[in-house]
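Participant: One file is attached below, protein.cif, containing mmCIF, N, CA, C and O atoms.
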data_target
#
loop_
_atom_site.label_atom_id
_atom_site.label_comp_id
_atom_site.auth_asym_id
_atom_site.auth_seq_id
_atom_site.Cartn_x
_atom_site.Cartn_y
_atom_site.Cartn_z
N MET Q 1 -1.61 18.82 5.09
CA MET Q 1 -2.04 18.51 3.75
C MET Q 1 -1.63 17.08 3.41
O MET Q 1 -0.51 16.67 3.68
N LYS Q 2 -2.55 16.34 2.82
CA LYS Q 2 -2.28 14.96 2.46
C LYS Q 2 -1.34 14.86 1.27
O LYS Q 2 -1.39 15.66 0.34
N LYS Q 3 -0.50 13.86 1.31
CA LYS Q 3 0.38 13.54 0.20
C LYS Q 3 -0.25 12.35 -0.52
O LYS Q 3 -0.61 11.35 0.12
N THR Q 4 -0.42 12.46 -1.82
CA THR Q 4 -1.03 11.40 -2.61
C THR Q 4 0.03 10.59 -3.32
O THR Q 4 0.95 11.13 -3.93
N PHE Q 5 -0.11 9.27 -3.22
CA PHE Q 5 0.78 8.34 -3.90
C PHE Q 5 -0.08 7.46 -4.81
O PHE Q 5 -1.14 7.01 -4.41
N VAL Q 6 0.41 7.22 -6.01
CA VAL Q 6 -0.29 6.37 -6.96
C VAL Q 6 0.56 5.14 -7.21
O VAL Q 6 1.74 5.24 -7.52
N VAL Q 7 -0.06 3.97 -7.03
CA VAL Q 7 0.62 2.70 -7.25
C VAL Q 7 -0.14 1.97 -8.34
O VAL Q 7 -1.30 1.60 -8.16
N ASP Q 8 0.50 1.81 -9.50
CA ASP Q 8 -0.14 1.12 -10.61
C ASP Q 8 0.12 -0.37 -10.49
O ASP Q 8 1.27 -0.81 -10.49
N LEU Q 9 -0.94 -1.14 -10.39
CA LEU Q 9 -0.85 -2.58 -10.22
C LEU Q 9 -1.32 -3.33 -11.46
O LEU Q 9 -1.85 -4.43 -11.38
N GLU Q 10 -1.09 -2.73 -12.61
CA GLU Q 10 -1.56 -3.33 -13.86
C GLU Q 10 -0.97 -4.72 -14.05
O GLU Q 10 0.20 -4.96 -13.78
N GLY Q 11 -1.81 -5.63 -14.51
CA GLY Q 11 -1.40 -7.01 -14.75
C GLY Q 11 -1.43 -7.82 -13.47
O GLY Q 11 -1.53 -7.30 -12.37
N LYS Q 12 -1.37 -9.11 -13.64
CA LYS Q 12 -1.35 -9.98 -12.47
C LYS Q 12 0.04 -9.93 -11.85
O LYS Q 12 1.04 -10.13 -12.53
N CYS Q 13 0.08 -9.65 -10.57
CA CYS Q 13 1.35 -9.51 -9.87
C CYS Q 13 1.49 -10.57 -8.80
O CYS Q 13 0.57 -10.80 -8.03
N ARG Q 14 2.64 -11.16 -8.74
CA ARG Q 14 2.95 -12.04 -7.62
C ARG Q 14 3.16 -11.16 -6.39
O ARG Q 14 3.42 -9.95 -6.51
N PRO Q 15 3.06 -11.72 -5.20
CA PRO Q 15 3.23 -10.91 -3.98
C PRO Q 15 4.52 -10.11 -3.94
O PRO Q 15 4.52 -8.95 -3.52
N CYS Q 16 5.62 -10.69 -4.40
CA CYS Q 16 6.89 -9.94 -4.36
C CYS Q 16 6.85 -8.73 -5.31
O CYS Q 16 7.39 -7.68 -5.01
N ALA Q 17 6.18 -8.87 -6.45
CA ALA Q 17 6.05 -7.75 -7.38
C ALA Q 17 5.16 -6.66 -6.80
O ALA Q 17 5.43 -5.47 -6.98
N LEU Q 18 4.10 -7.04 -6.10
CA LEU Q 18 3.24 -6.05 -5.44
C LEU Q 18 4.05 -5.25 -4.43
O LEU Q 18 3.94 -4.03 -4.35
N GLN Q 19 4.86 -5.94 -3.66
CA GLN Q 19 5.67 -5.27 -2.65
C GLN Q 19 6.71 -4.34 -3.29
O GLN Q 19 6.96 -3.25 -2.79
N ARG Q 20 7.30 -4.75 -4.41
CA ARG Q 20 8.26 -3.88 -5.10
C ARG Q 20 7.58 -2.61 -5.59
O ARG Q 20 8.11 -1.50 -5.46
N ARG Q 21 6.39 -2.75 -6.16
CA ARG Q 21 5.66 -1.57 -6.66
C ARG Q 21 5.26 -0.66 -5.50
O ARG Q 21 5.35 0.56 -5.61
N PHE Q 22 4.82 -1.24 -4.40
CA PHE Q 22 4.46 -0.46 -3.21
C PHE Q 22 5.69 0.30 -2.71
O PHE Q 22 5.63 1.51 -2.47
N ALA Q 23 6.81 -0.38 -2.56
CA ALA Q 23 8.02 0.24 -2.04
C ALA Q 23 8.58 1.30 -2.98
O ALA Q 23 9.15 2.30 -2.52
N ALA Q 24 8.40 1.11 -4.28
CA ALA Q 24 8.90 2.10 -5.24
C ALA Q 24 8.07 3.37 -5.24
O ALA Q 24 8.58 4.46 -5.52
N ALA Q 25 6.79 3.26 -4.91
CA ALA Q 25 5.89 4.41 -4.99
C ALA Q 25 5.80 5.22 -3.70
O ALA Q 25 5.41 6.39 -3.75
N LEU Q 26 6.12 4.61 -2.57
CA LEU Q 26 5.97 5.29 -1.29
C LEU Q 26 7.32 5.46 -0.59
O LEU Q 26 8.25 4.71 -0.85
N PRO Q 27 7.40 6.44 0.31
CA PRO Q 27 8.66 6.65 1.04
C PRO Q 27 8.81 5.67 2.20
O PRO Q 27 8.58 6.00 3.36
N VAL Q 28 9.17 4.45 1.86
CA VAL Q 28 9.35 3.42 2.89
C VAL Q 28 10.78 3.50 3.41
O VAL Q 28 11.68 3.95 2.71
N PRO Q 29 11.01 3.05 4.65
CA PRO Q 29 12.37 3.07 5.19
C PRO Q 29 13.28 2.12 4.41
O PRO Q 29 12.81 1.15 3.80
N PRO Q 30 14.58 2.35 4.44
CA PRO Q 30 15.52 1.51 3.68
C PRO Q 30 15.47 0.03 4.08
O PRO Q 30 15.75 -0.83 3.27
N ASP Q 31 15.10 -0.24 5.32
CA ASP Q 31 15.06 -1.63 5.78
C ASP Q 31 13.65 -2.24 5.66
O ASP Q 31 13.35 -3.22 6.33
N TYR Q 32 12.83 -1.68 4.79
CA TYR Q 32 11.46 -2.18 4.59
C TYR Q 32 11.49 -3.67 4.26
O TYR Q 32 12.20 -4.10 3.35
N GLY Q 33 10.72 -4.46 4.98
CA GLY Q 33 10.75 -5.91 4.87
C GLY Q 33 10.07 -6.53 3.67
O GLY Q 33 10.21 -7.71 3.42
N ARG Q 34 9.31 -5.76 2.92
CA ARG Q 34 8.62 -6.24 1.71
C ARG Q 34 7.75 -7.46 1.97
O ARG Q 34 7.83 -8.46 1.26
N ASN Q 35 6.92 -7.36 2.99
CA ASN Q 35 5.92 -8.38 3.28
C ASN Q 35 4.70 -7.67 3.86
O ASN Q 35 4.74 -6.45 4.11
N LEU Q 36 3.62 -8.38 4.06
CA LEU Q 36 2.38 -7.76 4.51
C LEU Q 36 2.49 -7.15 5.91
O LEU Q 36 1.93 -6.09 6.16
N ASP Q 37 3.23 -7.79 6.80
CA ASP Q 37 3.41 -7.23 8.14
C ASP Q 37 4.17 -5.91 8.07
O ASP Q 37 3.80 -4.93 8.73
N ALA Q 38 5.22 -5.87 7.28
CA ALA Q 38 6.00 -4.64 7.13
C ALA Q 38 5.17 -3.54 6.46
O ALA Q 38 5.26 -2.37 6.83
N MET Q 39 4.35 -3.93 5.48
CA MET Q 39 3.50 -2.96 4.81
C MET Q 39 2.50 -2.34 5.80
O MET Q 39 2.33 -1.13 5.84
N TYR Q 40 1.89 -3.19 6.62
CA TYR Q 40 0.96 -2.69 7.64
C TYR Q 40 1.68 -1.72 8.58
O TYR Q 40 1.16 -0.65 8.90
N ASP Q 41 2.89 -2.07 9.01
CA ASP Q 41 3.65 -1.21 9.91
C ASP Q 41 3.94 0.15 9.28
O ASP Q 41 3.79 1.19 9.92
N VAL Q 42 4.35 0.16 8.02
CA VAL Q 42 4.63 1.42 7.33
C VAL Q 42 3.36 2.26 7.22
O VAL Q 42 3.36 3.46 7.50
N LEU Q 43 2.27 1.63 6.83
CA LEU Q 43 1.02 2.37 6.66
C LEU Q 43 0.54 2.97 7.99
O LEU Q 43 0.10 4.13 8.02
N THR Q 44 0.63 2.22 9.07
CA THR Q 44 0.13 2.72 10.35
C THR Q 44 1.09 3.69 11.02
O THR Q 44 0.66 4.56 11.76
N GLU Q 45 2.38 3.55 10.78
CA GLU Q 45 3.37 4.44 11.41
C GLU Q 45 3.54 5.76 10.67
O GLU Q 45 3.77 6.79 11.29
N TYR Q 46 3.44 5.73 9.35
CA TYR Q 46 3.74 6.93 8.55
C TYR Q 46 2.55 7.48 7.77
O TYR Q 46 2.63 8.57 7.22
N GLY Q 47 1.46 6.73 7.69
CA GLY Q 47 0.41 7.05 6.74
C GLY Q 47 -0.68 8.00 7.15
O GLY Q 47 -1.62 8.22 6.40
N SER Q 48 -0.58 8.63 8.30
CA SER Q 48 -1.69 9.47 8.77
C SER Q 48 -1.97 10.68 7.86
O SER Q 48 -3.05 11.24 7.92
N GLU Q 49 -1.05 11.04 7.04
CA GLU Q 49 -1.25 12.15 6.10
C GLU Q 49 -1.17 11.69 4.65
O GLU Q 49 -0.87 12.48 3.76
N TRP Q 50 -1.42 10.41 4.41
CA TRP Q 50 -1.29 9.84 3.07
C TRP Q 50 -2.64 9.49 2.47
O TRP Q 50 -3.56 9.07 3.15
N ARG Q 51 -2.69 9.62 1.15
CA ARG Q 51 -3.78 9.07 0.34
C ARG Q 51 -3.08 8.19 -0.69
O ARG Q 51 -2.21 8.67 -1.43
N ILE Q 52 -3.42 6.92 -0.70
CA ILE Q 52 -2.79 5.98 -1.63
C ILE Q 52 -3.85 5.48 -2.60
O ILE Q 52 -4.90 4.98 -2.19
N GLU Q 53 -3.57 5.65 -3.88
CA GLU Q 53 -4.47 5.19 -4.93
C GLU Q 53 -3.83 4.00 -5.63
O GLU Q 53 -2.79 4.15 -6.27
N PHE Q 54 -4.41 2.83 -5.44
CA PHE Q 54 -3.96 1.63 -6.14
C PHE Q 54 -4.79 1.54 -7.41
O PHE Q 54 -5.99 1.33 -7.36
N ARG Q 55 -4.14 1.71 -8.54
CA ARG Q 55 -4.83 1.66 -9.83
C ARG Q 55 -4.66 0.29 -10.48
O ARG Q 55 -3.66 -0.39 -10.25
N ASN Q 56 -5.63 -0.08 -11.29
CA ASN Q 56 -5.61 -1.37 -11.99
C ASN Q 56 -5.48 -2.51 -10.98
O ASN Q 56 -4.66 -3.41 -11.12
N SER Q 57 -6.32 -2.47 -9.97
CA SER Q 57 -6.18 -3.39 -8.84
C SER Q 57 -7.14 -4.58 -8.87
O SER Q 57 -7.31 -5.25 -7.86
N ALA Q 58 -7.72 -4.87 -10.01
CA ALA Q 58 -8.70 -5.95 -10.08
C ALA Q 58 -8.12 -7.31 -9.69
O ALA Q 58 -8.83 -8.16 -9.16
N HIS Q 59 -6.84 -7.52 -9.92
CA HIS Q 59 -6.23 -8.82 -9.66
C HIS Q 59 -5.42 -8.87 -8.36
O HIS Q 59 -4.67 -9.81 -8.15
N VAL Q 60 -5.59 -7.88 -7.52
CA VAL Q 60 -4.84 -7.84 -6.26
C VAL Q 60 -5.37 -8.93 -5.32
O VAL Q 60 -6.58 -9.06 -5.14
N PRO Q 61 -4.47 -9.71 -4.72
CA PRO Q 61 -4.91 -10.73 -3.77
C PRO Q 61 -5.69 -10.11 -2.60
O PRO Q 61 -5.38 -9.01 -2.15
N GLU Q 62 -6.67 -10.83 -2.13
CA GLU Q 62 -7.52 -10.33 -1.05
C GLU Q 62 -6.72 -10.00 0.20
O GLU Q 62 -7.03 -9.05 0.91
N MET Q 63 -5.68 -10.77 0.51
CA MET Q 63 -4.87 -10.50 1.70
C MET Q 63 -4.21 -9.12 1.62
O MET Q 63 -4.16 -8.39 2.61
N PHE Q 64 -3.69 -8.76 0.45
CA PHE Q 64 -3.08 -7.45 0.25
C PHE Q 64 -4.11 -6.35 0.50
O PHE Q 64 -3.87 -5.40 1.24
N ARG Q 65 -5.26 -6.51 -0.13
CA ARG Q 65 -6.34 -5.54 0.02
C ARG Q 65 -6.78 -5.42 1.48
O ARG Q 65 -6.98 -4.33 1.99
N GLN Q 66 -6.90 -6.55 2.17
CA GLN Q 66 -7.36 -6.55 3.55
C GLN Q 66 -6.37 -5.87 4.49
O GLN Q 66 -6.77 -5.13 5.38
N VAL Q 67 -5.08 -6.10 4.28
CA VAL Q 67 -4.07 -5.43 5.10
C VAL Q 67 -4.17 -3.91 4.91
O VAL Q 67 -4.09 -3.15 5.88
N CYS Q 68 -4.36 -3.47 3.69
CA CYS Q 68 -4.52 -2.03 3.43
C CYS Q 68 -5.75 -1.47 4.13
O CYS Q 68 -5.69 -0.41 4.75
N MET Q 69 -6.86 -2.17 4.04
CA MET Q 69 -8.09 -1.71 4.67
C MET Q 69 -7.98 -1.73 6.19
O MET Q 69 -8.46 -0.81 6.87
N ASP Q 70 -7.31 -2.74 6.75
CA ASP Q 70 -7.09 -2.78 8.20
C ASP Q 70 -6.23 -1.60 8.64
O ASP Q 70 -6.51 -0.95 9.65
N ALA Q 71 -5.18 -1.31 7.90
CA ALA Q 71 -4.30 -0.19 8.24
C ALA Q 71 -5.07 1.13 8.17
O ALA Q 71 -4.91 2.00 9.04
N ALA Q 72 -5.91 1.29 7.15
CA ALA Q 72 -6.70 2.52 7.03
C ALA Q 72 -7.67 2.65 8.19
O ALA Q 72 -7.89 3.74 8.71
N ALA Q 73 -8.26 1.53 8.63
CA ALA Q 73 -9.20 1.56 9.75
C ALA Q 73 -8.49 1.90 11.06
O ALA Q 73 -9.07 2.54 11.94
N ASP Q 74 -7.23 1.49 11.16
CA ASP Q 74 -6.47 1.70 12.40
C ASP Q 74 -5.68 3.01 12.42
O ASP Q 74 -5.07 3.32 13.44
N THR Q 75 -5.67 3.75 11.32
CA THR Q 75 -4.84 4.96 11.21
C THR Q 75 -5.68 6.15 10.79
O THR Q 75 -6.01 6.30 9.61
N PRO Q 76 -6.05 7.00 11.74
CA PRO Q 76 -6.81 8.21 11.37
C PRO Q 76 -6.04 9.03 10.33
O PRO Q 76 -4.83 9.26 10.47
N GLY Q 77 -6.74 9.42 9.29
CA GLY Q 77 -6.14 10.24 8.25
C GLY Q 77 -5.62 9.47 7.04
O GLY Q 77 -5.44 10.05 5.98
N LEU Q 78 -5.37 8.19 7.20
CA LEU Q 78 -4.90 7.38 6.07
C LEU Q 78 -6.07 7.05 5.16
O LEU Q 78 -7.09 6.53 5.61
N GLU Q 79 -5.91 7.36 3.87
CA GLU Q 79 -6.92 7.04 2.87
C GLU Q 79 -6.32 6.08 1.86
O GLU Q 79 -5.23 6.33 1.34
N ILE Q 80 -7.02 4.99 1.60
CA ILE Q 80 -6.57 4.02 0.59
C ILE Q 80 -7.74 3.75 -0.34
O ILE Q 80 -8.83 3.43 0.11
N VAL Q 81 -7.47 3.87 -1.63
CA VAL Q 81 -8.49 3.69 -2.64
C VAL Q 81 -8.01 2.65 -3.65
O VAL Q 81 -6.87 2.73 -4.13
N PHE Q 82 -8.86 1.68 -3.93
CA PHE Q 82 -8.57 0.69 -4.96
C PHE Q 82 -9.43 1.02 -6.16
O PHE Q 82 -10.63 1.21 -6.04
N GLY Q 83 -8.82 1.06 -7.32
CA GLY Q 83 -9.57 1.37 -8.53
C GLY Q 83 -9.04 0.65 -9.72
O GLY Q 83 -8.11 -0.08 -9.68
#
Please express what this file holds, its structure, as C-alpha cells.

Facilitator:
Amino acid sequence: MKKTFVVDLEGKCRPCALQRRFAAALPVPPDYGRNLDAMYDVLTEYGSEWRIEFRNSAHVPEMFRQVCMDAAADTPGLEIVFG
C-alpha cells in the first residue's frame, strides 16, 4: 500500500527552504544532505511505495521539479504530483 506525503510549497521558496519542507514532510535519513542529489537518492532508494503531492507548487524552480520527475521515471511505484 502506498504511503502519501503532502508537501505544501506555498509562497516563493529559496532552494534551502524547499529542502527543509521536503525533509520535514518525508521520512528522510538523519544525514539527509538537503540538496538535489540527496533528494534524488532518497526518492529512488525509498520511494517505491510513495505518493508525494507537492501543493502550491507554481513557483517551484524547474530543477527541483525535474529531479522529482527523473526520480519518478527511474523508480517503479513512485508517484509525484505537482499541484

Participant: Would you kindly return, as number ranges by chain, each protein, DNA or RNA residue with an atom no farther than 9 Å from any atom of Q:Thr75, considering only C-alpha atoms and excluding same-chain residues fewer than 2 positions away?

Facilitator: Q: 43-45, 47-48, 70-73, 77-79

Participant: Going by DSSP on the backbone, which bits of chain Q are helix (DSSP H, G or I)? Write them as a VMD selection string, please.

Facilitator: chain Q and resid 15 to 25 36 to 49 62 to 74

Participant: Would you compute the distance between atom CA of Q:Ile52 and atom N of Q:Gln19? Give it in Å to one decimal.

Facilitator: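 We find that atom CA of Q:Ile52 and atom N of Q:Gln19 lie 14.3 Å from each other.
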
Participant: Counting all atoms listed in the file, which residues have an atom no more than 8 Å from (-2.2, -8.0, -4.6) in the file's coordinates? Please list them as a list in words.

Facilitator: Leu9, Gly11, Lys12, Cys13, Arg14, Pro15, Ala17, Leu18, Gln19, Ser57, Ala58, His59, Val60, Pro61, Glu62, Met63, Phe64 and Arg65 of chain Q

Participant: Hey, can you spit out that residue selection with N, CA, C and O atoms as a PDB file, in the coordinates of the input?

Facilitator:
ATOM      1  N   LEU Q   9      -0.940  -1.140 -10.390  1.00  0.00           N
ATOM      2  CA  LEU Q   9      -0.850  -2.580 -10.220  1.00  0.00           C
ATOM      3  C   LEU Q   9      -1.320  -3.330 -11.460  1.00  0.00           C
ATOM      4  O   LEU Q   9      -1.850  -4.430 -11.380  1.00  0.00           O
ATOM      5  N   GLY Q  11      -1.810  -5.630 -14.510  1.00  0.00           N
ATOM      6  CA  GLY Q  11      -1.400  -7.010 -14.750  1.00  0.00           C
ATOM      7  C   GLY Q  11      -1.430  -7.820 -13.470  1.00  0.00           C
ATOM      8  O   GLY Q  11      -1.530  -7.300 -12.370  1.00  0.00           O
ATOM      9  N   LYS Q  12      -1.370  -9.110 -13.640  1.00  0.00           N
ATOM     10  CA  LYS Q  12      -1.350  -9.980 -12.470  1.00  0.00           C
ATOM     11  C   LYS Q  12       0.040  -9.930 -11.850  1.00  0.00           C
ATOM     12  O   LYS Q  12       1.040 -10.130 -12.530  1.00  0.00           O
ATOM     13  N   CYS Q  13       0.080  -9.650 -10.570  1.00  0.00           N
ATOM     14  CA  CYS Q  13       1.350  -9.510  -9.870  1.00  0.00           C
ATOM     15  C   CYS Q  13       1.490 -10.570  -8.800  1.00  0.00           C
ATOM     16  O   CYS Q  13       0.570 -10.800  -8.030  1.00  0.00           O
ATOM     17  N   ARG Q  14       2.640 -11.160  -8.740  1.00  0.00           N
ATOM     18  CA  ARG Q  14       2.950 -12.040  -7.620  1.00  0.00           C
ATOM     19  C   ARG Q  14       3.160 -11.160  -6.390  1.00  0.00           C
ATOM     20  O   ARG Q  14       3.420  -9.950  -6.510  1.00  0.00           O
ATOM     21  N   PRO Q  15       3.060 -11.720  -5.200  1.00  0.00           N
ATOM     22  CA  PRO Q  15       3.230 -10.910  -3.980  1.00  0.00           C
ATOM     23  C   PRO Q  15       4.520 -10.110  -3.940  1.00  0.00           C
ATOM     24  O   PRO Q  15       4.520  -8.950  -3.520  1.00  0.00           O
ATOM     25  N   ALA Q  17       6.180  -8.870  -6.450  1.00  0.00           N
ATOM     26  CA  ALA Q  17       6.050  -7.750  -7.380  1.00  0.00           C
ATOM     27  C   ALA Q  17       5.160  -6.660  -6.800  1.00  0.00           C
ATOM     28  O   ALA Q  17       5.430  -5.470  -6.980  1.00  0.00           O
ATOM     29  N   LEU Q  18       4.100  -7.040  -6.100  1.00  0.00           N
ATOM     30  CA  LEU Q  18       3.240  -6.050  -5.440  1.00  0.00           C
ATOM     31  C   LEU Q  18       4.050  -5.250  -4.430  1.00  0.00           C
ATOM     32  O   LEU Q  18       3.940  -4.030  -4.350  1.00  0.00           O
ATOM     33  N   GLN Q  19       4.860  -5.940  -3.660  1.00  0.00           N
ATOM     34  CA  GLN Q  19       5.670  -5.270  -2.650  1.00  0.00           C
ATOM     35  C   GLN Q  19       6.710  -4.340  -3.290  1.00  0.00           C
ATOM     36  O   GLN Q  19       6.960  -3.250  -2.790  1.00  0.00           O
ATOM     37  N   SER Q  57      -6.320  -2.470  -9.970  1.00  0.00           N
ATOM     38  CA  SER Q  57      -6.180  -3.390  -8.840  1.00  0.00           C
ATOM     39  C   SER Q  57      -7.140  -4.580  -8.870  1.00  0.00           C
ATOM     40  O   SER Q  57      -7.310  -5.250  -7.860  1.00  0.00           O
ATOM     41  N   ALA Q  58      -7.720  -4.870 -10.010  1.00  0.00           N
ATOM     42  CA  ALA Q  58      -8.700  -5.950 -10.080  1.00  0.00           C
ATOM     43  C   ALA Q  58      -8.120  -7.310  -9.690  1.00  0.00           C
ATOM     44  O   ALA Q  58      -8.830  -8.160  -9.160  1.00  0.00           O
ATOM     45  N   HIS Q  59      -6.840  -7.520  -9.920  1.00  0.00           N
ATOM     46  CA  HIS Q  59      -6.230  -8.820  -9.660  1.00  0.00           C
ATOM     47  C   HIS Q  59      -5.420  -8.870  -8.360  1.00  0.00           C
ATOM     48  O   HIS Q  59      -4.670  -9.810  -8.150  1.00  0.00           O
ATOM     49  N   VAL Q  60      -5.590  -7.880  -7.520  1.00  0.00           N
ATOM     50  CA  VAL Q  60      -4.840  -7.840  -6.260  1.00  0.00           C
ATOM     51  C   VAL Q  60      -5.370  -8.930  -5.320  1.00  0.00           C
ATOM     52  O   VAL Q  60      -6.580  -9.060  -5.140  1.00  0.00           O
ATOM     53  N   PRO Q  61      -4.470  -9.710  -4.720  1.00  0.00           N
ATOM     54  CA  PRO Q  61      -4.910 -10.730  -3.770  1.00  0.00           C
ATOM     55  C   PRO Q  61      -5.690 -10.110  -2.600  1.00  0.00           C
ATOM     56  O   PRO Q  61      -5.380  -9.010  -2.150  1.00  0.00           O
ATOM     57  N   GLU Q  62      -6.670 -10.830  -2.130  1.00  0.00           N
ATOM     58  CA  GLU Q  62      -7.520 -10.330  -1.050  1.00  0.00           C
ATOM     59  C   GLU Q  62      -6.720 -10.000   0.200  1.00  0.00           C
ATOM     60  O   GLU Q  62      -7.030  -9.050   0.910  1.00  0.00           O
ATOM     61  N   MET Q  63      -5.680 -10.770   0.510  1.00  0.00           N
ATOM     62  CA  MET Q  63      -4.870 -10.500   1.700  1.00  0.00           C
ATOM     63  C   MET Q  63      -4.210  -9.120   1.620  1.00  0.00           C
ATOM     64  O   MET Q  63      -4.160  -8.390   2.610  1.00  0.00           O
ATOM     65  N   PHE Q  64      -3.690  -8.760   0.450  1.00  0.00           N
ATOM     66  CA  PHE Q  64      -3.080  -7.450   0.250  1.00  0.00           C
ATOM     67  C   PHE Q  64      -4.110  -6.350   0.500  1.00  0.00           C
ATOM     68  O   PHE Q  64      -3.870  -5.400   1.240  1.00  0.00           O
ATOM     69  N   ARG Q  65      -5.260  -6.510  -0.130  1.00  0.00           N
ATOM     70  CA  ARG Q  65      -6.340  -5.540   0.020  1.00  0.00           C
ATOM     71  C   ARG Q  65      -6.780  -5.420   1.480  1.00  0.00           C
ATOM     72  O   ARG Q  65      -6.980  -4.330   1.990  1.00  0.00           O
TER      73      ARG Q  65
END

Participant: Where does the PyMOL selection byres ((chain Q and resi 25) around 8) land in this file, that is, which residues does it pick, as a ChimeraX atom specification?

Facilitator: /Q:4-8,18-24,26-28

Participant: May I have all residues of chain Q that DSSP, computed from the backbone, assigns to strand (DSSP E), given as a list in words?

Facilitator: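 Answer for chain Q, restricted to strand (DSSP E): Lys3, Thr4, Phe5, Val6, Val7, Asp8, Trp50, Arg51, Ile52, Glu53, Phe54, Arg55, Glu79, Ile80, Val81 and Phe82 of chain Q.
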
Participant: Between atom O of Q:Cys16 and atom N of Q:Arg34, what is the spacing in Å?

Facilitator: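 Pair atom N of Q:Arg34 / atom O of Q:Cys16 returns 8.4 Å.
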
Participant: Might you spell out which residues the PyMOL selection byres (((chain Q and resi 3 and name CA) around 7) and name CA) would select in the displayed file, as number ranges by chain?

Facilitator: Q: 1-2, 4-5, 49-51

Participant: Have a look at atom C of Q:Val81 and atom CA of Q:Glu10 and let me know their distance in Å, one decimal.

Facilitator: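 That distance, rounded to one decimal, is 13.5 Å.
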
Participant: Given the point (-7.8, 1.2, -6.0) in the file's coordinates, find the residues that have an atom at most 8 Å from it, counting only C-alpha atoms, and give them as a PyMOL selection string.

Facilitator: chain Q and resi 53-57+80-83

Participant: I need the chosen residues saved as a PDB file, keeping the file's coordinate frame, with N, CA, C and O atoms.

Facilitator:
ATOM      1  N   GLU Q  53      -3.570   5.650  -3.880  1.00  0.00           N
ATOM      2  CA  GLU Q  53      -4.470   5.190  -4.930  1.00  0.00           C
ATOM      3  C   GLU Q  53      -3.830   4.000  -5.630  1.00  0.00           C
ATOM      4  O   GLU Q  53      -2.790   4.150  -6.270  1.00  0.00           O
ATOM      5  N   PHE Q  54      -4.410   2.830  -5.440  1.00  0.00           N
ATOM      6  CA  PHE Q  54      -3.960   1.630  -6.140  1.00  0.00           C
ATOM      7  C   PHE Q  54      -4.790   1.540  -7.410  1.00  0.00           C
ATOM      8  O   PHE Q  54      -5.990   1.330  -7.360  1.00  0.00           O
ATOM      9  N   ARG Q  55      -4.140   1.710  -8.540  1.00  0.00           N
ATOM     10  CA  ARG Q  55      -4.830   1.660  -9.830  1.00  0.00           C
ATOM     11  C   ARG Q  55      -4.660   0.290 -10.480  1.00  0.00           C
ATOM     12  O   ARG Q  55      -3.660  -0.390 -10.250  1.00  0.00           O
ATOM     13  N   ASN Q  56      -5.630  -0.080 -11.290  1.00  0.00           N
ATOM     14  CA  ASN Q  56      -5.610  -1.370 -11.990  1.00  0.00           C
ATOM     15  C   ASN Q  56      -5.480  -2.510 -10.980  1.00  0.00           C
ATOM     16  O   ASN Q  56      -4.660  -3.410 -11.120  1.00  0.00           O
ATOM     17  N   SER Q  57      -6.320  -2.470  -9.970  1.00  0.00           N
ATOM     18  CA  SER Q  57      -6.180  -3.390  -8.840  1.00  0.00           C
ATOM     19  C   SER Q  57      -7.140  -4.580  -8.870  1.00  0.00           C
ATOM     20  O   SER Q  57      -7.310  -5.250  -7.860  1.00  0.00           O
ATOM     21  N   ILE Q  80      -7.020   4.990   1.600  1.00  0.00           N
ATOM     22  CA  ILE Q  80      -6.570   4.020   0.590  1.00  0.00           C
ATOM     23  C   ILE Q  80      -7.740   3.750  -0.340  1.00  0.00           C
ATOM     24  O   ILE Q  80      -8.830   3.430   0.110  1.00  0.00           O
ATOM     25  N   VAL Q  81      -7.470   3.870  -1.630  1.00  0.00           N
ATOM     26  CA  VAL Q  81      -8.490   3.690  -2.640  1.00  0.00           C
ATOM     27  C   VAL Q  81      -8.010   2.650  -3.650  1.00  0.00           C
ATOM     28  O   VAL Q  81      -6.870   2.730  -4.130  1.00  0.00           O
ATOM     29  N   PHE Q  82      -8.860   1.680  -3.930  1.00  0.00           N
ATOM     30  CA  PHE Q  82      -8.570   0.690  -4.960  1.00  0.00           C
ATOM     31  C   PHE Q  82      -9.430   1.020  -6.160  1.00  0.00           C
ATOM     32  O   PHE Q  82     -10.630   1.210  -6.040  1.00  0.00           O
ATOM     33  N   GLY Q  83      -8.820   1.060  -7.320  1.00  0.00           N
ATOM     34  CA  GLY Q  83      -9.570   1.370  -8.530  1.00  0.00           C
ATOM     35  C   GLY Q  83      -9.040   0.650  -9.720  1.00  0.00           C
ATOM     36  O   GLY Q  83      -8.110  -0.080  -9.680  1.00  0.00           O
TER      37      GLY Q  83
END
